[in-house]
Each structure stands twice: as C-alpha cells, then as structure tokens.
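Here is upload-v6.txt, consisting of compact mmCIF, C-alpha atoms:
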```txt
# COMPACT_ATOMS: atom_id res chain seq x y z
CA MET A 1 4.43 49.69 -15.82
CA LYS A 2 1.92 46.82 -15.93
CA MET A 3 4.48 44.61 -17.70
CA VAL A 4 6.97 45.18 -14.87
CA LYS A 5 4.34 44.20 -12.27
CA ILE A 6 3.49 41.04 -14.21
CA LYS A 7 7.17 40.06 -14.52
CA THR A 8 7.79 40.78 -10.83
CA SER A 9 4.72 38.79 -9.87
CA LEU A 10 5.80 35.89 -12.06
CA LEU A 11 9.33 35.92 -10.63
CA SER A 12 8.06 35.99 -7.06
CA THR A 13 5.74 33.07 -7.81
CA ILE A 14 8.59 31.03 -9.28
CA ALA A 15 10.86 31.90 -6.33
CA THR A 16 8.14 30.84 -3.88
CA LEU A 17 7.63 27.52 -5.67
CA LEU A 18 11.37 26.86 -5.69
CA LEU A 19 11.55 27.51 -1.96
CA LEU A 20 8.57 25.27 -1.27
CA PHE A 21 9.97 22.38 -3.26
CA SER A 22 13.65 22.78 -2.36
CA GLY A 23 13.30 20.20 0.43
CA ILE A 24 12.30 17.48 -1.99
CA LYS A 25 15.12 17.89 -4.48
CA ASP A 26 16.83 14.74 -3.21
CA SER A 27 13.59 12.72 -3.18
CA LYS A 28 12.58 10.35 -5.91
CA LEU A 29 9.34 10.85 -7.79
CA THR A 30 7.95 7.63 -6.26
CA GLN A 31 8.54 9.00 -2.76
CA ILE A 32 6.59 12.13 -3.60
CA THR A 33 3.68 10.59 -5.52
CA LYS A 34 3.45 7.34 -3.48
CA PRO A 35 2.14 5.20 -6.34
CA TYR A 36 1.64 2.25 -3.99
CA LEU A 37 -1.37 3.96 -2.35
CA GLY A 38 -4.82 2.70 -3.23
CA GLU A 39 -6.81 -0.49 -3.36
CA TYR A 40 -5.46 -3.94 -4.16
CA GLU A 41 -7.56 -6.91 -5.19
CA CYS A 42 -6.63 -10.47 -4.25
CA LYS A 43 -5.98 -12.48 -7.42
CA GLU A 44 -4.68 -15.67 -5.80
CA ALA A 45 -5.21 -17.21 -2.36
CA ARG A 46 -3.73 -20.59 -1.52
CA PHE A 47 -3.30 -22.47 1.73
CA GLY A 48 -0.93 -25.32 1.07
CA ALA A 49 -1.99 -26.85 -2.24
CA GLU A 50 -5.65 -25.82 -1.85
CA ASP A 51 -7.12 -22.82 -3.67
CA TYR A 52 -9.05 -20.62 -1.22
CA LEU A 53 -10.00 -17.73 -3.51
CA ASP A 54 -13.27 -19.37 -4.59
CA ARG A 55 -14.44 -19.34 -0.93
CA PHE A 56 -14.62 -15.52 -0.94
CA SER A 57 -16.75 -13.01 -2.79
CA PHE A 58 -13.87 -10.54 -2.52
CA ILE A 59 -10.63 -9.85 -0.67
CA THR A 60 -9.24 -6.32 -0.88
CA LEU A 61 -6.42 -4.43 0.78
CA GLU A 62 -6.42 -0.65 0.85
CA LEU A 63 -3.25 1.33 1.59
CA LYS A 64 -4.20 4.79 2.81
CA ALA A 65 -2.20 8.02 2.76
CA ASP A 66 -2.19 8.23 6.57
CA ASP A 67 -0.04 5.06 6.74
CA THR A 68 -2.94 2.80 7.70
CA PHE A 69 -4.34 -0.17 5.84
CA GLN A 70 -7.67 -1.92 5.73
CA LEU A 71 -8.04 -5.55 4.72
CA SER A 72 -11.65 -6.35 3.79
CA TYR A 73 -13.12 -9.65 2.77
CA CYS A 74 -16.46 -11.34 2.39
CA GLU A 75 -16.93 -15.07 2.52
CA LYS A 76 -19.35 -16.66 0.04
CA ASN A 77 -21.83 -17.19 2.92
CA GLY A 78 -22.04 -13.39 3.29
CA LYS A 79 -19.89 -12.99 6.42
CA LYS A 80 -17.92 -9.72 6.02
CA ARG A 81 -14.83 -8.77 7.99
CA GLU A 82 -12.39 -5.88 8.14
CA ILE A 83 -8.94 -5.77 9.67
CA GLN A 84 -7.12 -2.50 10.17
CA GLY A 85 -3.56 -1.64 11.05
CA LYS A 86 -0.58 0.49 10.17
CA TYR A 87 2.07 0.04 7.51
CA THR A 88 5.39 1.41 6.35
CA TYR A 89 6.78 1.29 2.83
CA ASP A 90 10.49 0.98 2.04
CA ASP A 91 11.02 2.46 -1.43
CA LYS A 92 14.60 1.24 -1.69
CA MET A 93 13.76 -2.40 -0.88
CA GLN A 94 10.26 -2.18 -2.44
CA GLU A 95 8.76 -3.80 0.63
CA ILE A 96 5.78 -3.09 2.81
CA THR A 97 5.64 -3.86 6.51
CA LEU A 98 2.19 -4.42 7.97
CA PHE A 99 1.64 -3.86 11.70
CA LEU A 100 -1.37 -5.79 12.94
CA ASN A 101 -1.73 -4.32 16.43
CA GLU A 102 -1.34 -0.95 18.09
CA ASN A 103 1.86 -1.87 19.92
CA GLU A 104 3.42 -2.77 16.56
CA GLU A 105 4.63 -6.07 18.03
CA LEU A 106 3.05 -8.22 15.35
CA LYS A 107 4.52 -7.18 12.03
CA ARG A 108 5.29 -8.84 8.71
CA THR A 109 7.23 -7.57 5.71
CA PHE A 110 6.31 -8.46 2.14
CA PRO A 111 7.50 -7.49 -1.36
CA LEU A 112 5.45 -4.84 -3.16
CA LYS A 113 6.70 -4.37 -6.70
CA LYS A 114 5.06 -2.95 -9.81
CA GLY A 115 1.60 -2.82 -8.26
CA GLN A 116 1.71 -6.40 -6.98
CA LEU A 117 1.88 -7.46 -3.34
CA TYR A 118 2.88 -10.99 -2.37
CA ILE A 119 1.97 -12.16 1.13
CA THR A 120 3.32 -15.43 2.48
CA ALA A 121 3.00 -16.82 5.99
CA GLN A 122 3.79 -20.18 7.50
CA ILE A 123 0.78 -21.47 9.47
CA GLY A 124 1.58 -24.76 11.08
CA LYS A 125 3.08 -26.93 8.36
CA GLN A 126 1.16 -25.17 5.58
CA LEU A 127 2.10 -22.05 3.60
CA LEU A 128 -0.47 -19.29 3.12
CA PHE A 129 0.07 -17.39 -0.14
CA LEU A 130 -1.88 -14.31 -1.23
CA GLN A 131 -1.24 -12.27 -4.36
CA PHE A 132 -2.79 -8.80 -4.60
CA LYS A 133 -2.85 -6.59 -7.67
CA GLN A 134 -3.40 -2.84 -7.58
CA LYS A 135 -6.70 -1.73 -9.13
```
Represent the structure contained in this file as structure tokens.
Amino acid sequence: MKMVKIKTSLLSTIATLLLLFSGIKDSKLTQITKPYLGEYECKEARFGAEDYLDRFSFITLELKADDTFQLSYCEKNGKKREIQGKYTYDDKMQEITLFLNENEELKRTFPLKKGQLYITAQIGKQLLFLQFKQK
C-alpha cells in the first residue's frame, strides 16, 4: 500500500512539473536562464583616438533581472557617479536596447554577444567606443 502511495505521489509531482513548464516548451534555454544578466566591466574606453580608460578607477554596467540597468563609474580623482535606466534584450538579434530616461525617448541599441557588450556613439565628430566584458 505504501508503494502505491509513493508511485502516485511521484506521478502527481511529475504531472505538476509538466504543467508548470508546459508554457516554456517553445522557449530557448537562453530565454529562460537569461545569461546576459549580471555585472560587466569596461575593458576598453576610447573617444576618438584617445584612450580614456586610464582616467577611471572603474566603469561597470549591471543588468538586473527587473529589466533595469545601472552604470557606475569612478574617476581617478574619486568622483563617483551612477546612471540608471531600463533595458530590453533581443535574443534573436543578440542586441540590448538601453533606455536612458523614464519616457523611453532616449534609447540606443548595441550588440551583446558571448558576454561582451560593444557601445558606440557619435559625439560631435568623434566616436565614443566602450567594450564591456561580463564578470
């Protein structure tokens, strides 16, 4: 009798798990696990031909599970700053779109592939280039 209860309990547990996860059968593993989440460290920062990385103690970008990001940096003189916003990730295109204000009017899309994020922006006649690598 105990063996029947154990088998019934096991079957009901499996059936419950199948029902819970039936909605994700068409999803990819990367959509479920979201491997892009976490902290990224800036490995290269250039403005035009000039290297800017040595002007900072650190530059980090954190992608959070609630679809928000936090960009933190500290200049060598000790001045710290944080910028927050929202983001979306397109798994198919392997791109991230950063929204820099609440109205989502100011947005930029960048490639995010294999744990590396490449940010480029034209500022005047110069190109800003930042490369982040996931920690």
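Distances to Glu75 in chain A were evaluated for A:Gln94, A:Thr88, A:Ser57, A:Gln131 using only C-alpha atoms, and the minimum falls at A:Ser57.
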Closest atom pairs, range 60-100 of chain A residues within 10 Å of range 32-44 of chain A, only C-alpha atoms, as JSON lines:
```
{"residue": "A:Thr60", "atom": "CA", "partner": "A:Glu41", "partner_atom": "CA", "distance": 4.7}
{"residue": "A:Leu61", "atom": "CA", "partner": "A:Tyr40", "partner_atom": "CA", "distance": 5.1}
{"residue": "A:Glu62", "atom": "CA", "partner": "A:Glu39", "partner_atom": "CA", "distance": 4.2}
{"residue": "A:Leu63", "atom": "CA", "partner": "A:Leu37", "partner_atom": "CA", "distance": 5.1}
{"residue": "A:Lys64", "atom": "CA", "partner": "A:Leu37", "partner_atom": "CA", "distance": 5.9}
{"residue": "A:Ala65", "atom": "CA", "partner": "A:Leu37", "partner_atom": "CA", "distance": 6.6}
{"residue": "A:Asp66", "atom": "CA", "partner": "A:Leu37", "partner_atom": "CA", "distance": 9.9}
{"residue": "A:Asp67", "atom": "CA", "partner": "A:Leu37", "partner_atom": "CA", "distance": 9.3}
{"residue": "A:Phe69", "atom": "CA", "partner": "A:Gly38", "partner_atom": "CA", "distance": 9.5}
{"residue": "A:Gln70", "atom": "CA", "partner": "A:Glu39", "partner_atom": "CA", "distance": 9.2}
{"residue": "A:Leu71", "atom": "CA", "partner": "A:Tyr40", "partner_atom": "CA", "distance": 9.4}
{"residue": "A:Ser72", "atom": "CA", "partner": "A:Glu41", "partner_atom": "CA", "distance": 9.9}
{"residue": "A:Tyr73", "atom": "CA", "partner": "A:Cys42", "partner_atom": "CA", "distance": 9.6}
{"residue": "A:Tyr89", "atom": "CA", "partner": "A:Tyr36", "partner_atom": "CA", "distance": 8.6}
{"residue": "A:Asp91", "atom": "CA", "partner": "A:Lys34", "partner_atom": "CA", "distance": 9.2}
{"residue": "A:Gln94", "atom": "CA", "partner": "A:Tyr36", "partner_atom": "CA", "distance": 9.8}
{"residue": "A:Ile96", "atom": "CA", "partner": "A:Tyr36", "partner_atom": "CA", "distance": 9.6}
```
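Distances from A:Tyr87, A:Phe56, A:Phe110, A:Phe99 to Phe129 in chain A were compared using all atoms listed in the file, and the smallest one belongs to A:Phe110.
Considering all atoms listed in the file, the residue among A:Ile119, A:Lys125, A:Gln84, A:Leu130 positioned nearest to Asp51 in chain A is A:Leu130.
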Point to revise | Surrounding residues of Pro111 in chain A excluding itself and chain neighbours under 4 positions, 6 Å, only C-alpha atoms, as a ChimeraX atom specification | key: /A:95,117-118
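The two atoms in question, CA of Asp54 in chain A and CA of Gly78 in chain A, are spaced 13.2 Å apart.
CA of Lys133 in chain A is positioned 15.3 Å from CA of Arg46 in chain A.
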Mind giving me the axis-aligned box for range 73-84 of chain A with 5 Å on every side, centre plus edges in Å to one decimal, as AutoDock Vina command-line options?
```
--center_x -14.6 --center_y -9.8 --center_z 5.1 --size_x 24.9 --size_y 24.7 --size_z 20.1
```
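A straight line drawn from CA of Lys86 in chain A to CA of Ile59 in chain A is 18.0 Å long.
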